[in-house]
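J.: What follows is a structure written as structure tokens; I'll ask about it next.
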Amino acid sequence: MAGIWRPPLKVVWCGTLPYGPTWEWQRRLAASRASGELANDVLLLLEHPPVYTMGKGGSPDHLLVGEEGLREAGAEYFEVDRGGSVTYHGPGQLVGYPIVNLEELGLDVIEYLRRLEGALIDSCQLLGVEAFRDPPYTGVWARSGKLAAIGVRLSSRKVTYHGFALNGTTDLAAFSRIVPCGIEGRTAASLQGEGASGDCSPVALAELVAPFVAGALGLRPEWGEMDDLQDPPVAAPAAGAQVVVGPARGGGDGS
């Protein structure tokens, strides 16, 4: 029996990119996908230098050291247009930004979130880590804490941007300055900390996760280059060259 044809998902490994220009790039790509100028869905996979982002559902109380404390720790801070509260991105973490047309896929936002969760759970389990959902919260969890955060926004009410962040070898101390995702009393976890087998670097996780995300959305992954897409941002210095986020300032149990 012939296989079922699936539309392509262009997958691009972007290396280390600064947050602000990448956020603007996502919005341009989402607008192009909504208008039809960008013909196919895209998955951007990358790593960010240290940065905290606050979503529409956040509160200043979720910043345990305040904005200035985050910047003093060597990180940037942005208030952004996705859902959810505050989270952290930084070295050792795989960030994924799917730019996909939900209308063409026949999905609503809730089903899209569940499919992303499923793809990340399958990826973690392939590395030998027990990962699961924890309703009513969005994201992926291990017994010791949250492995992956997910937050999205729609352009023209049909094309997604923002996405997911999966902790590979991430320094979890960075989460102690915030209440991650605004969930009191819960901590962050990493694949490395959970004893994952294999390489947990962002570039290795990108190769692992991309086929699962594509399959969950009914698409087939096709790897491409940043230059294939319009106006890509300039890459940031390598993660190892970034300011290391030091010990937490102030109290709080969130991570």
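Ordering of the structure tokens sets the chain letters (A, B, ...); residue numbers start at 1 within each chain; ligands are numbered from 1 in the order shown.
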Need to verify the contact set: Pro18 in chain A, 9 Å, only C-alpha atoms, exclusion of same-chain residues closer than 4 positions in sequence. Can you return it as an MDAnalysis selection string?

T.: chainID A and resid 22:23 47:51 233:237

J.: Based on DSSP run over this structure's backbone, return all residues of range 54-243 of chain A in strand (DSSP E or B), as JSON, numbers by chain.

T.: {"A": [54, 63, 76, 77, 78, 79, 86, 87, 88, 89, 93, 94, 95, 96, 97, 98, 99, 101, 132, 133, 134, 137, 138, 139, 140, 141, 142, 145, 146, 147, 148, 149, 150, 151, 152, 153, 154, 155, 159, 160, 161, 162, 163, 164, 165, 166, 167, 178, 188, 220, 221, 222, 223, 224]}

J.: Keeping only C-alpha atoms, write the selected residues as a PDB file, in the first residue's frame.

T.:
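selection25.pdb was written with the following content:
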ATOM      1  CA  MET A  54       7.168  37.243  30.742  1.00  0.00           C
ATOM      2  CA  LEU A  63      10.049  37.810  39.404  1.00  0.00           C
ATOM      3  CA  GLU A  76      18.041  39.912  29.329  1.00  0.00           C
ATOM      4  CA  TYR A  77      14.354  40.432  30.173  1.00  0.00           C
ATOM      5  CA  PHE A  78      11.394  40.796  27.783  1.00  0.00           C
ATOM      6  CA  GLU A  79       7.642  41.114  28.189  1.00  0.00           C
ATOM      7  CA  VAL A  86       7.629  33.938  33.159  1.00  0.00           C
ATOM      8  CA  THR A  87      10.205  31.418  31.988  1.00  0.00           C
ATOM      9  CA  TYR A  88      13.931  31.197  31.361  1.00  0.00           C
ATOM     10  CA  HIS A  89      15.919  30.399  28.219  1.00  0.00           C
ATOM     11  CA  GLN A  93      18.248  24.324  26.471  1.00  0.00           C
ATOM     12  CA  LEU A  94      16.605  23.452  23.147  1.00  0.00           C
ATOM     13  CA  VAL A  95      14.112  26.100  22.074  1.00  0.00           C
ATOM     14  CA  GLY A  96      11.639  25.298  19.290  1.00  0.00           C
ATOM     15  CA  TYR A  97       9.496  27.832  17.428  1.00  0.00           C
ATOM     16  CA  PRO A  98       6.969  26.131  15.114  1.00  0.00           C
ATOM     17  CA  ILE A  99       5.503  28.533  12.526  1.00  0.00           C
ATOM     18  CA  ASN A 101      -0.855  27.111   9.937  1.00  0.00           C
ATOM     19  CA  PHE A 132       4.377  12.971  31.330  1.00  0.00           C
ATOM     20  CA  ARG A 133       1.632  15.598  31.311  1.00  0.00           C
ATOM     21  CA  ASP A 134       0.468  17.122  34.586  1.00  0.00           C
ATOM     22  CA  TYR A 137      -0.760  22.657  33.549  1.00  0.00           C
ATOM     23  CA  THR A 138       0.612  22.879  30.008  1.00  0.00           C
ATOM     24  CA  GLY A 139       4.066  21.424  29.409  1.00  0.00           C
ATOM     25  CA  VAL A 140       6.069  18.262  30.054  1.00  0.00           C
ATOM     26  CA  TRP A 141       7.094  17.029  33.475  1.00  0.00           C
ATOM     27  CA  ALA A 142       9.379  14.548  35.203  1.00  0.00           C
ATOM     28  CA  GLY A 145       9.999  19.004  38.057  1.00  0.00           C
ATOM     29  CA  LYS A 146       9.141  20.586  34.722  1.00  0.00           C
ATOM     30  CA  LEU A 147      11.231  19.471  31.748  1.00  0.00           C
ATOM     31  CA  ALA A 148       9.612  21.578  29.025  1.00  0.00           C
ATOM     32  CA  ALA A 149       7.582  24.769  28.947  1.00  0.00           C
ATOM     33  CA  ILE A 150       5.184  25.567  26.099  1.00  0.00           C
ATOM     34  CA  GLY A 151       3.611  28.915  25.214  1.00  0.00           C
ATOM     35  CA  VAL A 152       2.103  30.063  21.926  1.00  0.00           C
ATOM     36  CA  ARG A 153       0.608  32.991  20.068  1.00  0.00           C
ATOM     37  CA  LEU A 154      -1.421  33.071  16.839  1.00  0.00           C
ATOM     38  CA  SER A 155      -0.875  35.420  13.905  1.00  0.00           C
ATOM     39  CA  VAL A 159      -0.501  30.660  12.390  1.00  0.00           C
ATOM     40  CA  THR A 160       1.518  29.806  15.501  1.00  0.00           C
ATOM     41  CA  TYR A 161       4.672  31.380  16.819  1.00  0.00           C
ATOM     42  CA  HIS A 162       6.563  31.120  20.102  1.00  0.00           C
ATOM     43  CA  GLY A 163       6.713  27.449  21.088  1.00  0.00           C
ATOM     44  CA  PHE A 164       8.581  25.170  23.503  1.00  0.00           C
ATOM     45  CA  ALA A 165      11.755  25.045  25.587  1.00  0.00           C
ATOM     46  CA  LEU A 166      13.219  21.679  26.614  1.00  0.00           C
ATOM     47  CA  ASN A 167      15.860  21.599  29.355  1.00  0.00           C
ATOM     48  CA  ILE A 178      11.485  33.346  39.182  1.00  0.00           C
ATOM     49  CA  ALA A 188      12.340  22.862  36.943  1.00  0.00           C
ATOM     50  CA  ARG A 220       7.244  15.320   7.217  1.00  0.00           C
ATOM     51  CA  PRO A 221      10.493  16.980   8.304  1.00  0.00           C
ATOM     52  CA  GLU A 222      12.733  18.522   5.657  1.00  0.00           C
ATOM     53  CA  TRP A 223      15.950  20.058   6.961  1.00  0.00           C
ATOM     54  CA  GLY A 224      16.922  23.430   5.546  1.00  0.00           C
TER      55      GLY A 224
END

J.: List the neighbours of Leu120 in chain A out to 7 Å using only C-alpha atoms; skip same-chain residues closer than 4 positions along the sequence, and give me the result as an MDAnalysis selection string.

T.: chainID A and resid 116 124 209

J.: If I take CA of Leu29 in chain A and CA of Gly15 in chain A, how far is one from the other in Å, to one decimal?

T.: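 The value is 17.9 Å.
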
J.: Of the candidates A:Gly20, A:Pro7, A:Gly92, A:Gly58, which one gets nearest to Ile183 in chain A if we count only C-alpha atoms?

T.: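 Among the listed residues, A:Gly58 lies closest to Ile183 in chain A.
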
J.: From range 18-61 of chain A, collect each residue whose DSSP state is alpha helix (DSSP H) and return the set as a compact mmCIF listing (two decimals) with N, CA and C atoms, in the first residue's frame.

T.:
# COMPACT_ATOMS: atom_id res chain seq x y z
N TYR A 19 17.50 36.81 21.74
CA TYR A 19 16.05 36.66 21.84
C TYR A 19 15.28 37.72 21.05
N GLY A 20 15.59 39.00 21.25
CA GLY A 20 14.78 40.06 20.65
C GLY A 20 14.65 39.95 19.14
N PRO A 21 15.76 39.89 18.39
CA PRO A 21 15.65 39.75 16.94
C PRO A 21 14.95 38.47 16.51
N THR A 22 15.10 37.40 17.29
CA THR A 22 14.44 36.14 16.94
C THR A 22 12.93 36.24 17.11
N TRP A 23 12.49 36.93 18.14
CA TRP A 23 11.06 37.17 18.35
C TRP A 23 10.48 37.95 17.17
N GLU A 24 11.16 38.99 16.75
CA GLU A 24 10.70 39.76 15.59
C GLU A 24 10.69 38.90 14.34
N TRP A 25 11.69 38.06 14.17
CA TRP A 25 11.76 37.16 13.01
C TRP A 25 10.57 36.20 12.98
N GLN A 26 10.24 35.65 14.14
CA GLN A 26 9.08 34.76 14.21
C GLN A 26 7.81 35.46 13.73
N ARG A 27 7.63 36.68 14.19
CA ARG A 27 6.41 37.41 13.83
C ARG A 27 6.36 37.69 12.33
N ARG A 28 7.51 38.01 11.72
CA ARG A 28 7.54 38.22 10.28
C ARG A 28 7.22 36.93 9.54
N LEU A 29 7.81 35.83 9.98
CA LEU A 29 7.55 34.55 9.33
C LEU A 29 6.09 34.13 9.49
N ALA A 30 5.53 34.35 10.67
CA ALA A 30 4.12 33.98 10.90
C ALA A 30 3.20 34.80 10.01
N ALA A 31 3.47 36.08 9.86
CA ALA A 31 2.65 36.92 8.98
C ALA A 31 2.77 36.45 7.53
N SER A 32 3.98 36.07 7.11
CA SER A 32 4.18 35.58 5.75
C SER A 32 3.47 34.24 5.54
N ARG A 33 3.49 33.40 6.56
CA ARG A 33 2.79 32.10 6.45
C ARG A 33 1.29 32.33 6.39
N ALA A 34 0.77 33.28 7.16
CA ALA A 34 -0.67 33.56 7.16
C ALA A 34 -1.12 34.11 5.81
N SER A 35 -0.28 34.91 5.18
CA SER A 35 -0.64 35.52 3.88
C SER A 35 -0.45 34.58 2.72

J.: What's around Gly83 in chain A at 6 Å? Count only C-alpha atoms, leave out sequence neighbours fewer than 3 positions away in its own chain, and write the answer as a list in words.

T.: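 Neighbouring residues, sequence-local ones excluded: Gly55, Lys56, Gly57 and Gly151 of chain A.
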
J.: Write the residues of the selection above to a file with C-alpha atoms, as a PDB file, in the first residue's frame.

T.:
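Final output, selection-v3.pdb:
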ATOM      1  CA  GLY A  55       3.937  36.225  29.002  1.00  0.00           C
ATOM      2  CA  LYS A  56       0.500  37.822  29.072  1.00  0.00           C
ATOM      3  CA  GLY A  57      -0.584  35.742  32.067  1.00  0.00           C
ATOM      4  CA  GLY A 151       3.611  28.915  25.214  1.00  0.00           C
TER       5      GLY A 151
END

J.: Quick one: of A:Glu104, A:Glu225, A:Asp122, A:Glu117, who's nearest to Asn40 in chain A, counting only C-alpha atoms?

T.: A:Glu104

J.: What is the distance, in Å and to one decimal place, between CA of Arg82 in chain A and CA of Ile110 in chain A?

T.: 14.3 Å

J.: When distances are computed from only C-alpha atoms, which of A:Thr53, A:Leu38, A:Leu45, A:Ala131 shows the smallest separation from Asp81 in chain A?

T.: A:Thr53
